[in-house]
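*Asks:* Okay, so here is final-v3.cif, and as you'll see once you scroll down, it has mmCIF, C-alpha atoms and all ligand atoms.
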data_model
loop_
_atom_site.label_atom_id
_atom_site.label_comp_id
_atom_site.auth_asym_id
_atom_site.auth_seq_id
_atom_site.Cartn_x
_atom_site.Cartn_y
_atom_site.Cartn_z
CA MET A 1090 111.79 94.31 30.00
CA ASN A 1091 114.10 91.90 28.22
CA ARG A 1092 116.31 93.64 25.66
CA ILE A 1093 118.50 91.31 23.64
CA PHE A 1094 121.70 92.12 21.75
CA ASN A 1095 120.54 92.72 18.20
CA PHE A 1096 123.24 92.24 15.55
CA SER A 1097 120.87 92.87 12.64
CA ALA A 1098 122.33 94.73 9.63
CA GLY A 1099 119.50 97.24 9.33
CA PRO A 1100 117.10 98.25 10.66
CA CYS A 1101 119.20 97.63 13.69
CA THR A 1102 119.61 98.28 17.37
CA LEU A 1103 119.03 101.84 18.59
CA PRO A 1104 120.22 103.40 21.86
CA LEU A 1105 117.94 102.28 24.69
CA GLY A 1106 117.90 105.81 26.10
CA VAL A 1107 116.56 107.12 22.80
CA LEU A 1108 113.78 104.53 22.69
CA GLU A 1109 112.80 105.38 26.26
CA GLN A 1110 112.81 109.11 25.61
CA ALA A 1111 110.73 108.66 22.45
CA ARG A 1112 108.29 106.49 24.42
CA ASP A 1113 108.01 109.08 27.20
CA GLU A 1114 107.51 111.96 24.77
CA MET A 1115 105.27 110.11 22.32
CA VAL A 1116 101.74 110.81 23.53
CA ASP A 1117 102.14 114.43 24.60
CA TYR A 1118 105.25 116.06 23.18
CA HIS A 1119 106.48 118.72 25.63
CA GLY A 1120 103.00 119.83 26.62
CA GLN A 1121 101.71 120.23 23.06
CA GLY A 1122 98.87 117.80 23.69
CA MET A 1123 99.87 115.69 20.72
CA SER A 1124 102.78 113.65 19.52
CA ILE A 1125 105.54 114.91 17.27
CA ILE A 1126 104.33 112.67 14.44
CA GLU A 1127 100.83 114.19 14.52
CA MET A 1128 101.63 117.88 14.32
CA SER A 1129 102.22 120.01 11.26
CA HIS A 1130 105.71 119.83 9.88
CA ARG A 1131 105.44 123.62 9.55
CA SER A 1132 104.91 124.05 13.30
CA LYS A 1133 107.59 125.84 15.33
CA THR A 1134 107.96 122.75 17.52
CA TYR A 1135 108.69 120.41 14.65
CA GLU A 1136 110.79 122.93 12.76
CA ALA A 1137 113.16 123.24 15.72
CA ILE A 1138 113.70 119.47 15.75
CA HIS A 1139 114.18 119.40 11.98
CA ASN A 1140 116.83 122.12 11.99
CA GLU A 1141 118.58 120.73 15.03
CA ALA A 1142 118.88 117.32 13.36
CA MET A 1143 120.69 118.88 10.39
CA SER A 1144 122.86 121.04 12.68
CA LEU A 1145 123.94 117.99 14.63
CA VAL A 1146 125.18 116.30 11.45
CA LYS A 1147 127.17 119.44 10.64
CA GLU A 1148 128.55 119.68 14.14
CA LEU A 1149 129.51 116.01 14.48
CA LEU A 1150 131.37 115.99 11.15
CA SER A 1151 132.74 119.54 11.62
CA LEU A 1152 131.40 120.39 8.17
CA PRO A 1153 132.71 123.63 6.70
CA ASP A 1154 130.14 126.27 5.71
CA ASN A 1155 130.22 125.30 2.04
CA TYR A 1156 128.58 121.95 2.81
CA HIS A 1157 124.81 121.47 2.97
CA VAL A 1158 122.92 118.73 4.78
CA MET A 1159 119.71 117.25 3.36
CA MET A 1160 117.30 114.71 4.84
CA LEU A 1161 115.51 112.93 2.01
CA GLY A 1162 112.94 110.17 1.77
CA GLY A 1163 113.66 107.08 -0.28
CA GLY A 1164 116.67 105.77 1.61
CA ALA A 1165 120.15 105.30 0.16
CA THR A 1166 118.62 103.48 -2.79
CA LEU A 1167 117.01 106.65 -4.15
CA GLN A 1168 120.46 108.25 -3.99
CA PHE A 1169 121.74 105.62 -6.43
CA SER A 1170 119.46 107.47 -8.90
CA MET A 1171 119.65 111.03 -7.62
CA VAL A 1172 123.45 111.22 -7.59
CA PRO A 1173 123.90 110.49 -11.30
CA MET A 1174 120.74 112.33 -12.34
CA ASN A 1175 122.02 115.48 -10.68
CA LEU A 1176 125.73 115.14 -11.45
CA LEU A 1177 126.10 113.08 -14.65
CA HIS A 1178 123.98 115.18 -16.99
CA GLY A 1179 125.07 116.69 -20.27
CA GLY A 1180 127.38 113.85 -21.33
CA ARG A 1181 129.54 113.94 -18.19
CA SER A 1182 131.36 110.83 -16.98
CA CYS A 1183 132.34 109.53 -13.56
CA ASP A 1184 134.64 106.89 -12.05
CA PHE A 1185 133.47 103.97 -9.98
CA THR A 1186 134.85 101.30 -7.67
CA HIS A 1187 132.93 98.02 -7.71
CA THR A 1188 133.57 96.64 -4.23
CA GLY A 1189 130.51 94.53 -3.45
CA ALA A 1190 126.74 94.22 -3.42
CA TRP A 1191 125.98 97.87 -2.65
CA ALA A 1192 128.49 99.35 -5.06
CA LYS A 1193 126.99 97.06 -7.69
CA LYS A 1194 123.54 98.59 -7.22
CA ALA A 1195 124.87 102.13 -7.30
CA LEU A 1196 126.86 101.28 -10.42
CA ALA A 1197 123.89 99.73 -12.23
CA ASP A 1198 121.77 102.85 -11.73
CA SER A 1199 124.60 105.21 -12.70
CA LYS A 1200 125.18 103.35 -15.96
CA LYS A 1201 121.58 104.00 -16.93
CA VAL A 1202 122.13 107.73 -16.57
CA GLY A 1203 125.63 108.51 -17.83
CA LYS A 1204 129.10 107.30 -18.70
CA VAL A 1205 130.89 105.31 -16.01
CA ASN A 1206 134.57 104.28 -15.96
CA LEU A 1207 135.31 101.32 -13.72
CA LEU A 1208 138.57 101.91 -11.82
CA PHE A 1209 138.35 98.78 -9.71
CA ASP A 1210 136.35 95.57 -9.99
CA GLY A 1211 136.50 93.19 -7.03
CA THR A 1212 134.53 90.46 -8.77
CA ASP A 1213 137.53 88.16 -9.24
CA SER A 1214 138.46 88.30 -5.55
CA SER A 1215 134.80 87.75 -4.55
CA PHE A 1216 134.81 91.26 -3.04
CA THR A 1217 137.08 90.26 -0.16
CA THR A 1218 139.50 93.11 -0.71
CA LEU A 1219 139.69 96.78 -1.74
CA PRO A 1220 142.04 98.58 -4.09
CA ASP A 1221 145.13 100.31 -2.75
CA PRO A 1222 143.88 103.91 -2.70
CA ALA A 1223 147.28 105.10 -3.99
CA THR A 1224 146.68 103.23 -7.26
CA LEU A 1225 143.34 104.90 -8.00
CA LYS A 1226 143.66 107.74 -10.47
CA PRO A 1227 140.49 109.40 -11.73
CA SER A 1228 139.94 109.61 -15.50
CA SER A 1229 140.39 112.97 -17.13
CA GLY A 1230 137.21 115.01 -17.08
CA SER A 1231 135.61 112.79 -14.46
CA ALA A 1232 132.81 114.51 -12.53
CA TYR A 1233 133.49 112.39 -9.42
CA LEU A 1234 134.77 109.09 -8.10
CA HIS A 1235 132.12 106.97 -6.40
CA LEU A 1236 132.97 104.57 -3.60
CA THR A 1237 131.10 102.62 -0.95
CA SER A 1238 132.95 103.36 2.30
CA ASN A 1239 131.76 100.14 3.93
CA GLU A 1240 130.23 97.16 2.17
CA THR A 1241 127.54 96.02 4.59
CA ILE A 1242 127.24 92.53 3.11
CA GLY A 1243 130.87 91.77 2.19
CA GLY A 1244 132.36 93.34 5.33
CA VAL A 1245 135.08 95.40 3.60
CA GLN A 1246 135.72 98.98 4.71
CA TRP A 1247 137.93 101.66 3.22
CA GLN A 1248 140.70 102.62 5.67
CA ASP A 1249 142.38 105.29 3.54
CA TRP A 1250 141.00 107.48 0.80
CA PRO A 1251 142.31 107.91 -2.71
CA ASP A 1252 144.05 111.13 -3.60
CA THR A 1253 141.84 112.31 -6.43
CA GLY A 1254 143.10 115.88 -6.82
CA ASP A 1255 140.35 118.12 -8.14
CA VAL A 1256 137.95 115.22 -8.65
CA PRO A 1257 135.62 114.98 -5.65
CA ILE A 1258 134.79 111.68 -4.01
CA VAL A 1259 131.13 110.71 -3.79
CA ALA A 1260 130.57 108.11 -1.08
CA ASP A 1261 127.80 105.81 0.03
CA MET A 1262 128.47 105.78 3.79
CA SER A 1263 125.24 104.08 4.77
CA SER A 1264 126.79 101.50 7.06
CA ASP A 1265 129.61 103.47 8.67
CA PHE A 1266 128.23 107.01 8.73
CA LEU A 1267 129.35 108.92 11.85
CA SER A 1268 131.29 105.90 13.11
CA ARG A 1269 134.72 107.47 12.54
CA HIS A 1270 136.57 110.61 11.49
CA ILE A 1271 136.73 111.32 7.76
CA PRO A 1272 138.62 113.99 5.80
CA VAL A 1273 135.44 115.81 4.75
CA GLU A 1274 137.20 118.10 2.27
CA LYS A 1275 137.91 115.11 -0.02
CA PHE A 1276 134.20 114.47 -0.43
CA GLY A 1277 131.91 116.36 -2.77
CA LEU A 1278 128.87 114.35 -1.72
CA ILE A 1279 128.15 111.82 1.03
CA TYR A 1280 124.93 109.86 1.42
CA ALA A 1281 123.78 107.41 4.05
CA GLY A 1282 120.55 105.54 4.74
CA ALA A 1283 119.43 106.44 8.25
CA GLN A 1284 118.62 102.96 9.51
CA LYS A 1285 122.14 101.80 10.33
CA ASN A 1286 123.83 104.41 12.46
CA VAL A 1287 121.44 107.28 13.01
CA GLY A 1288 117.85 106.14 13.44
CA PRO A 1289 114.91 104.25 11.99
CA ALA A 1290 114.42 103.57 8.26
CA GLY A 1291 112.75 105.89 5.80
CA MET A 1292 115.35 108.45 4.90
CA ALA A 1293 118.85 109.21 3.74
CA VAL A 1294 121.15 111.95 4.99
CA VAL A 1295 122.83 113.61 2.02
CA ILE A 1296 125.73 116.03 2.37
CA ILE A 1297 126.70 118.09 -0.66
CA ARG A 1298 129.44 120.65 -1.25
CA GLN A 1299 128.52 123.98 -2.82
CA ASP A 1300 130.45 123.46 -6.07
CA MET A 1301 128.67 120.11 -6.61
CA LEU A 1302 125.35 121.77 -5.91
CA ASP A 1303 126.14 124.45 -8.47
CA ALA A 1304 126.88 121.73 -11.06
CA CYS A 1305 123.56 119.91 -10.62
CA SER A 1306 121.26 119.38 -13.59
CA PRO A 1307 118.66 122.17 -13.93
CA ASP A 1308 116.29 119.86 -15.80
CA LEU A 1309 115.10 117.45 -13.14
CA THR A 1310 111.62 117.13 -11.78
CA ASN A 1311 111.02 118.80 -8.43
CA TYR A 1312 111.77 116.03 -5.91
CA LEU A 1313 114.82 114.69 -7.77
CA SER A 1314 116.72 117.98 -7.72
CA TYR A 1315 119.27 118.54 -4.93
CA PRO A 1316 119.19 122.34 -5.28
CA ASN A 1317 115.44 122.30 -4.65
CA HIS A 1318 115.90 120.35 -1.41
CA VAL A 1319 118.75 122.56 -0.20
CA ASN A 1320 116.74 125.71 -0.98
CA ALA A 1321 113.75 124.32 0.91
CA GLY A 1322 115.81 123.24 3.93
CA SER A 1323 114.68 119.63 3.34
CA MET A 1324 111.04 120.73 3.60
CA LEU A 1325 110.20 120.54 -0.08
CA ASN A 1326 107.48 118.10 0.86
CA THR A 1327 106.35 116.53 4.13
CA PRO A 1328 109.60 115.16 5.56
CA PRO A 1329 109.85 111.78 7.31
CA VAL A 1330 109.18 113.47 10.65
CA PHE A 1331 109.48 110.42 12.90
CA THR A 1332 112.83 109.36 11.47
CA ILE A 1333 114.14 112.91 11.74
CA TYR A 1334 112.94 113.25 15.34
CA MET A 1335 114.63 109.96 16.24
CA MET A 1336 117.81 110.94 14.44
CA LYS A 1337 117.96 114.13 16.48
CA LEU A 1338 117.73 112.12 19.70
CA VAL A 1339 120.40 109.65 18.52
CA LEU A 1340 122.81 112.40 17.46
CA GLU A 1341 122.34 114.43 20.65
CA ARG A 1342 123.42 111.39 22.60
CA LEU A 1343 126.37 110.79 20.29
CA ARG A 1344 127.48 114.39 20.73
CA ASP A 1345 127.12 114.21 24.51
CA ALA A 1346 129.09 110.95 24.62
CA GLY A 1347 132.03 112.54 22.82
CA GLY A 1348 131.06 112.58 19.13
CA LEU A 1349 133.22 110.88 16.53
CA ASN A 1350 136.13 110.36 18.96
CA PHE A 1351 133.81 108.24 21.06
CA ALA A 1352 132.19 106.47 18.09
CA GLU A 1353 135.52 105.60 16.51
CA LYS A 1354 136.99 104.25 19.73
CA ALA A 1355 133.92 102.14 20.48
CA ALA A 1356 133.81 100.76 16.90
CA LYS A 1357 137.44 99.70 17.26
CA GLN A 1358 136.78 98.08 20.65
CA ARG A 1359 133.77 96.12 19.43
CA SER A 1360 135.34 94.90 16.20
CA ASP A 1361 138.73 94.07 17.80
CA LEU A 1362 136.95 91.83 20.30
CA LEU A 1363 135.44 89.76 17.46
CA TYR A 1364 138.47 89.69 15.16
CA ASP A 1365 140.67 88.70 18.11
CA VAL A 1366 138.51 85.64 18.80
CA MET A 1367 138.80 84.65 15.12
CA GLU A 1368 142.57 85.06 15.31
CA SER A 1369 142.79 82.91 18.45
CA HIS A 1370 140.61 80.22 16.89
CA SER A 1371 141.71 80.52 13.29
CA SER A 1372 141.22 76.86 12.51
CA PHE A 1373 137.55 77.26 13.44
CA TYR A 1374 136.57 80.79 12.39
CA ASN A 1375 137.53 82.12 9.00
CA CYS A 1376 137.18 85.77 8.12
CA PRO A 1377 137.21 85.86 4.31
CA VAL A 1378 138.07 89.57 4.21
CA ASP A 1379 141.63 90.73 3.60
CA ALA A 1380 143.16 91.88 6.91
CA SER A 1381 143.85 95.33 5.45
CA CYS A 1382 140.19 96.23 5.00
CA ARG A 1383 138.11 94.41 7.59
CA SER A 1384 135.01 96.32 8.56
CA ARG A 1385 134.53 97.73 12.04
CA THR A 1386 130.75 97.80 11.58
CA ASN A 1387 129.90 94.54 9.74
CA VAL A 1388 132.06 91.62 10.84
CA VAL A 1389 131.65 88.60 8.54
CA PHE A 1390 132.93 85.11 9.27
CA ARG A 1391 132.56 81.46 8.33
CA LEU A 1392 132.56 78.34 10.48
CA PRO A 1393 133.94 74.97 9.28
CA THR A 1394 130.54 73.75 7.95
CA GLU A 1395 127.15 75.20 7.13
CA GLU A 1396 125.68 72.85 9.72
CA LEU A 1397 127.83 74.45 12.42
CA GLU A 1398 126.89 77.91 11.17
CA LYS A 1399 123.21 77.07 11.55
CA GLN A 1400 123.80 75.74 15.03
CA PHE A 1401 125.90 78.80 15.94
CA VAL A 1402 123.19 81.22 14.85
CA ALA A 1403 120.46 79.25 16.63
CA GLU A 1404 122.38 78.89 19.91
CA ALA A 1405 123.38 82.55 19.89
CA ASP A 1406 119.75 83.47 19.30
CA ALA A 1407 118.64 81.36 22.25
CA LYS A 1408 121.21 83.19 24.40
CA GLY A 1409 119.85 86.63 23.46
CA MET A 1410 122.07 87.49 20.47
CA SER A 1411 119.98 87.84 17.34
CA GLY A 1412 120.60 88.66 13.69
CA LEU A 1413 123.89 86.80 13.23
CA LYS A 1414 122.96 84.99 10.04
CA GLY A 1415 124.96 86.26 7.05
CA HIS A 1416 123.21 87.92 4.12
CA ARG A 1417 121.29 85.39 2.03
CA SER A 1418 123.48 86.15 -1.01
CA VAL A 1419 126.75 85.10 0.68
CA GLY A 1420 125.78 82.83 3.60
CA GLY A 1421 127.99 82.44 6.67
CA CYS A 1422 127.66 84.69 9.70
CA ARG A 1423 127.69 88.44 10.16
CA ALA A 1424 127.69 90.59 13.27
CA SER A 1425 126.55 94.13 12.54
CA ILE A 1426 127.92 96.34 15.29
CA TYR A 1427 126.91 99.91 14.59
CA ASN A 1428 127.19 102.92 16.89
CA ALA A 1429 124.29 101.88 19.11
CA MET A 1430 125.68 98.41 19.91
CA PRO A 1431 127.08 98.54 23.44
CA VAL A 1432 130.66 97.25 23.77
CA GLU A 1433 129.12 94.80 26.22
CA GLY A 1434 127.20 93.26 23.30
CA ALA A 1435 130.44 92.54 21.44
CA GLU A 1436 131.98 91.16 24.64
CA THR A 1437 129.05 88.82 25.11
CA LEU A 1438 129.28 87.63 21.52
CA ALA A 1439 133.08 87.20 21.75
CA ARG A 1440 132.65 85.01 24.86
CA PHE A 1441 130.03 82.93 23.11
CA MET A 1442 132.26 82.54 20.03
CA THR A 1443 135.17 81.38 22.16
CA GLY A 1444 133.03 78.81 23.96
CA PHE A 1445 131.49 77.57 20.73
CA ALA A 1446 134.90 77.09 19.09
CA LYS A 1447 136.21 75.18 22.13
CA GLN A 1448 133.17 72.95 22.14
CA HIS A 1449 133.05 72.19 18.42
CA GLY A 1450 136.61 72.79 17.18
C1 LIG B 1501 121.57 99.50 3.62
C2 LIG B 1501 122.44 100.08 2.56
C3 LIG B 1501 121.88 100.69 1.43
C4 LIG B 1501 120.39 100.74 1.15
O1 LIG B 1501 119.76 101.59 2.00
P1 LIG B 1501 118.17 101.82 1.87
O2 LIG B 1501 117.96 102.91 2.84
O3 LIG B 1501 117.51 100.54 2.19
O4 LIG B 1501 117.89 102.24 0.48
C5 LIG B 1501 122.75 101.25 0.51
N1 LIG B 1501 124.09 101.19 0.68
C6 LIG B 1501 124.64 100.58 1.75
C7 LIG B 1501 126.13 100.57 1.89
C8 LIG B 1501 123.83 100.01 2.72
O5 LIG B 1501 124.38 99.42 3.79
#
Would you mind giving the structure from this file in structure tokens?
*Replies:*
Amino acid sequence: MNRIFNFSAGPCTLPLGVLEQARDEMVDYHGQGMSIIEMSHRSKTYEAIHNEAMSLVKELLSLPDNYHVMMLGGGATLQFSMVPMNLLHGGRSCDFTHTGAWAKKALADSKKVGKVNLLFDGTDSSFTTLPDPATLKPSSGSAYLHLTSNETIGGVQWQDWPDTGDVPIVADMSSDFLSRHIPVEKFGLIYAGAQKNVGPAGMAVVIIRQDMLDACSPDLTNYLSYPNHVNAGSMLNTPPVFTIYMMKLVLERLRDAGGLNFAEKAAKQRSDLLYDVMESHSSFYNCPVDASCRSRTNVVFRLPTEELEKQFVAEADAKGMSGLKGHRSVGGCRASIYNAMPVEGAETLARFMTGFAKQHG
């Protein structure tokens, strides 16, 4: 076996122990004579996994009883539609922060459904910074304020949350879900694609507070309605059983390792290692992101020339560190270091970065 360090932005590296357990259980799940992905989703065996996966999300985030967890197909992208369709009906309006490529997509879909007030637009600063949360005041009558907690492509991450009073925050947490503590009570709805921090692709975890659920549009078709999914315990239709099974294994391990305390500490360790190298070699590496909002899960950086960036990515790849090429829309380099990236992976990359800067700087 020859596992490399995979810095891909998503799908991304998963805990080795989870992959091994899934392999061992695949052909004959706990004496059932079939795999988990072959049996009825209404079977007792599957149902236990399904419910445990949702319970683990609740437990890890210490969600109060008035929050519901859903596991929905369609990824985070379907949530760009479902959020406004459920919550922006009947002429309601919401507030938005435009902080990068993912916020832009969420914003575009919301505008097709309802009225959107833009509270912050990072276009002029090329999305290298975030607003001071203290300056963000929701519009009167706003149904919610939408933000993207971590911009996976731009590498900016919210450190503090705006004080929005009675207006709930709705957050796309796809790329930093369960990587740190959050003040849950500020959020009316949280959604996250599974394939960054909790498992394989194919699903989003959606967390909704009871008052938001009560305010959802009654006029949507079956699959698009949050209340229908909550009422059905995320079994409205055949759920993405493999992704849910894998998520359960990932979250069990996270819980056993120490939950969000552990995740937050490890995210800080990994990202500090990389930002420290950039600081020590600041004439070679340039992090375009404002120091106040640098991401702990997607670390973006530039080298002096595009030629050197190409060489950096190729040499790293040859040394067993893959996926370091920046997103095609922005270029440069990016190290995605989600929960499953061992600190050792960041150490190995930091050593390589130091050597590369010394050699070429
Ligand atoms: C990856 C990502 C998405 C898209 O997720 P899909 O599951 O592919 O739809 C949305 N928002 C953010 C912040 C992401 O990182």
*Asks:* Excluding Ala1260 (chain A) and its own-chain neighbours fewer than 3 positions away, which residues fall within 6 Å of it when counting all atoms listed in the file? Please give them as a list in words.
*Replies:*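 Residues near the query, excluding close chain neighbours: His1235, Leu1236, Thr1237 and Ile1279 of chain A.
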*Asks:* Using all atoms listed in the file, can you list as a VMD selection string the residues within 12 Å of (118.8, 122.5, -4.8)?
*Replies:* chain A and resid 1157 to 1159 1171 1175 1295 to 1325
*Asks:* Please report, as JSON lines, each residue of chain A lying at most 8 Å from ligand LIG 1501 (chain B), together with the nearest pair of atoms and the separation in Å rounded to one decimal; use all atoms listed in the file, and order rows by chain and ascending residue number.
*Replies:*
{"residue": "A:Ala1098", "atom": "CA", "partner": "B:LIG1501", "partner_atom": "C1", "distance": 7.7}
{"residue": "A:Gly1099", "atom": "CA", "partner": "B:LIG1501", "partner_atom": "C1", "distance": 6.5}
{"residue": "A:Gly1163", "atom": "CA", "partner": "B:LIG1501", "partner_atom": "O4", "distance": 6.5}
{"residue": "A:Gly1164", "atom": "CA", "partner": "B:LIG1501", "partner_atom": "O2", "distance": 3.4}
{"residue": "A:Ala1165", "atom": "CA", "partner": "B:LIG1501", "partner_atom": "O4", "distance": 3.8}
{"residue": "A:Thr1166", "atom": "CA", "partner": "B:LIG1501", "partner_atom": "O4", "distance": 3.6}
{"residue": "A:Leu1167", "atom": "CA", "partner": "B:LIG1501", "partner_atom": "O4", "distance": 6.5}
{"residue": "A:Gln1168", "atom": "CA", "partner": "B:LIG1501", "partner_atom": "O4", "distance": 7.9}
{"residue": "A:Trp1191", "atom": "CA", "partner": "B:LIG1501", "partner_atom": "N1", "distance": 5.1}
{"residue": "A:Ala1192", "atom": "CA", "partner": "B:LIG1501", "partner_atom": "C7", "distance": 7.4}
{"residue": "A:Thr1237", "atom": "CA", "partner": "B:LIG1501", "partner_atom": "C7", "distance": 6.1}
{"residue": "A:Ser1238", "atom": "CA", "partner": "B:LIG1501", "partner_atom": "C7", "distance": 7.4}
{"residue": "A:Asn1239", "atom": "CA", "partner": "B:LIG1501", "partner_atom": "C7", "distance": 6.0}
{"residue": "A:Glu1240", "atom": "CA", "partner": "B:LIG1501", "partner_atom": "C7", "distance": 5.3}
{"residue": "A:Thr1241", "atom": "CA", "partner": "B:LIG1501", "partner_atom": "O5", "distance": 4.7}
{"residue": "A:Ile1242", "atom": "CA", "partner": "B:LIG1501", "partner_atom": "O5", "distance": 7.5}
{"residue": "A:Asp1261", "atom": "CA", "partner": "B:LIG1501", "partner_atom": "C7", "distance": 5.8}
{"residue": "A:Met1262", "atom": "CA", "partner": "B:LIG1501", "partner_atom": "C7", "distance": 6.0}
{"residue": "A:Ser1263", "atom": "CA", "partner": "B:LIG1501", "partner_atom": "C7", "distance": 4.6}
{"residue": "A:Ser1264", "atom": "CA", "partner": "B:LIG1501", "partner_atom": "O5", "distance": 4.6}
{"residue": "A:Ala1281", "atom": "CA", "partner": "B:LIG1501", "partner_atom": "N1", "distance": 7.1}
{"residue": "A:Gly1282", "atom": "CA", "partner": "B:LIG1501", "partner_atom": "O2", "distance": 4.2}
{"residue": "A:Ala1283", "atom": "CA", "partner": "B:LIG1501", "partner_atom": "O2", "distance": 6.6}
{"residue": "A:Gln1284", "atom": "CA", "partner": "B:LIG1501", "partner_atom": "O2", "distance": 6.7}
{"residue": "A:Lys1285", "atom": "CA", "partner": "B:LIG1501", "partner_atom": "C1", "distance": 7.1}
{"residue": "A:Ala1290", "atom": "CA", "partner": "B:LIG1501", "partner_atom": "O2", "distance": 6.5}
{"residue": "A:Gly1291", "atom": "CA", "partner": "B:LIG1501", "partner_atom": "O2", "distance": 6.7}
{"residue": "A:Met1292", "atom": "CA", "partner": "B:LIG1501", "partner_atom": "O2", "distance": 6.5}
{"residue": "A:Ala1293", "atom": "CA", "partner": "B:LIG1501", "partner_atom": "O2", "distance": 6.4}
*Asks:* Go through A:Val1287, A:Met1367, A:Val1172, A:Val1116 one by one, measure the shortest atom-to-atom distance of each to Leu1338 (chain A) using all atoms listed in the file, and give the residue with the smallest value.
*Replies:*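 Once distances to Leu1338 (chain A) are computed over all atoms listed in the file, the minimum belongs to A:Val1287.
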*Asks:* Using only C-alpha atoms, which of A:Ser1097, A:Ser1228, A:Thr1394, A:Gln1248 sits nearest Asp1184 (chain A)?
*Replies:* A:Ser1228
*Asks:* So, counting all atoms listed in the file, which residue among A:Lys1200, A:His1270, A:His1178, A:Lys1194 is closest to Leu1349 (chain A)?
*Replies:*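 Comparing A:Lys1200, A:His1270, A:His1178, A:Lys1194 against Leu1349 (chain A), the winner is A:His1270.
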*Asks:* Using the atoms already present, construct N, CA and C atoms for region 1401-1414 of chain A and hand them back as an mmCIF file, in the coordinates of the input.
*Replies:*
data_model
loop_
_atom_site.group_PDB
_atom_site.id
_atom_site.type_symbol
_atom_site.label_atom_id
_atom_site.label_comp_id
_atom_site.auth_asym_id
_atom_site.auth_seq_id
_atom_site.Cartn_x
_atom_site.Cartn_y
_atom_site.Cartn_z
ATOM 1 N N PHE A 1401 125.342 77.606 15.302
ATOM 2 C CA PHE A 1401 125.900 78.800 15.940
ATOM 3 C C PHE A 1401 124.851 79.902 16.034
ATOM 4 N N VAL A 1402 124.185 80.147 14.896
ATOM 5 C CA VAL A 1402 123.190 81.220 14.850
ATOM 6 C C VAL A 1402 122.027 80.902 15.794
ATOM 7 N N ALA A 1403 121.596 79.641 15.803
ATOM 8 C CA ALA A 1403 120.460 79.250 16.630
ATOM 9 C C ALA A 1403 120.804 79.327 18.126
ATOM 10 N N GLU A 1404 121.984 78.850 18.490
ATOM 11 C CA GLU A 1404 122.380 78.890 19.910
ATOM 12 C C GLU A 1404 122.578 80.319 20.396
ATOM 13 N N ALA A 1405 123.179 81.140 19.533
ATOM 14 C CA ALA A 1405 123.380 82.550 19.890
ATOM 15 C C ALA A 1405 122.007 83.208 20.105
ATOM 16 N N ASP A 1406 121.095 82.914 19.212
ATOM 17 C CA ASP A 1406 119.750 83.470 19.300
ATOM 18 C C ASP A 1406 119.103 83.092 20.631
ATOM 19 N N ALA A 1407 119.234 81.829 20.998
ATOM 20 C CA ALA A 1407 118.640 81.360 22.250
ATOM 21 C C ALA A 1407 119.281 82.042 23.458
ATOM 22 N N LYS A 1408 120.510 82.514 23.303
ATOM 23 C CA LYS A 1408 121.210 83.190 24.400
ATOM 24 C C LYS A 1408 121.043 84.719 24.314
ATOM 25 N N GLY A 1409 120.124 85.189 23.491
ATOM 26 C CA GLY A 1409 119.850 86.630 23.460
ATOM 27 C C GLY A 1409 120.751 87.428 22.539
ATOM 28 N N MET A 1410 121.281 86.767 21.485
ATOM 29 C CA MET A 1410 122.070 87.490 20.470
ATOM 30 C C MET A 1410 121.463 87.168 19.113
ATOM 31 N N SER A 1411 120.729 88.121 18.572
ATOM 32 C CA SER A 1411 119.980 87.840 17.340
ATOM 33 C C SER A 1411 120.634 88.473 16.112
ATOM 34 N N GLY A 1412 120.193 88.014 14.949
ATOM 35 C CA GLY A 1412 120.600 88.660 13.690
ATOM 36 C C GLY A 1412 121.975 88.311 13.198
ATOM 37 N N LEU A 1413 122.508 87.146 13.588
ATOM 38 C CA LEU A 1413 123.890 86.800 13.230
ATOM 39 C C LEU A 1413 124.025 86.012 11.922
ATOM 40 N N LYS A 1414 122.906 85.709 11.313
ATOM 41 C CA LYS A 1414 122.960 84.990 10.040
ATOM 42 C C LYS A 1414 123.484 85.938 8.960
#
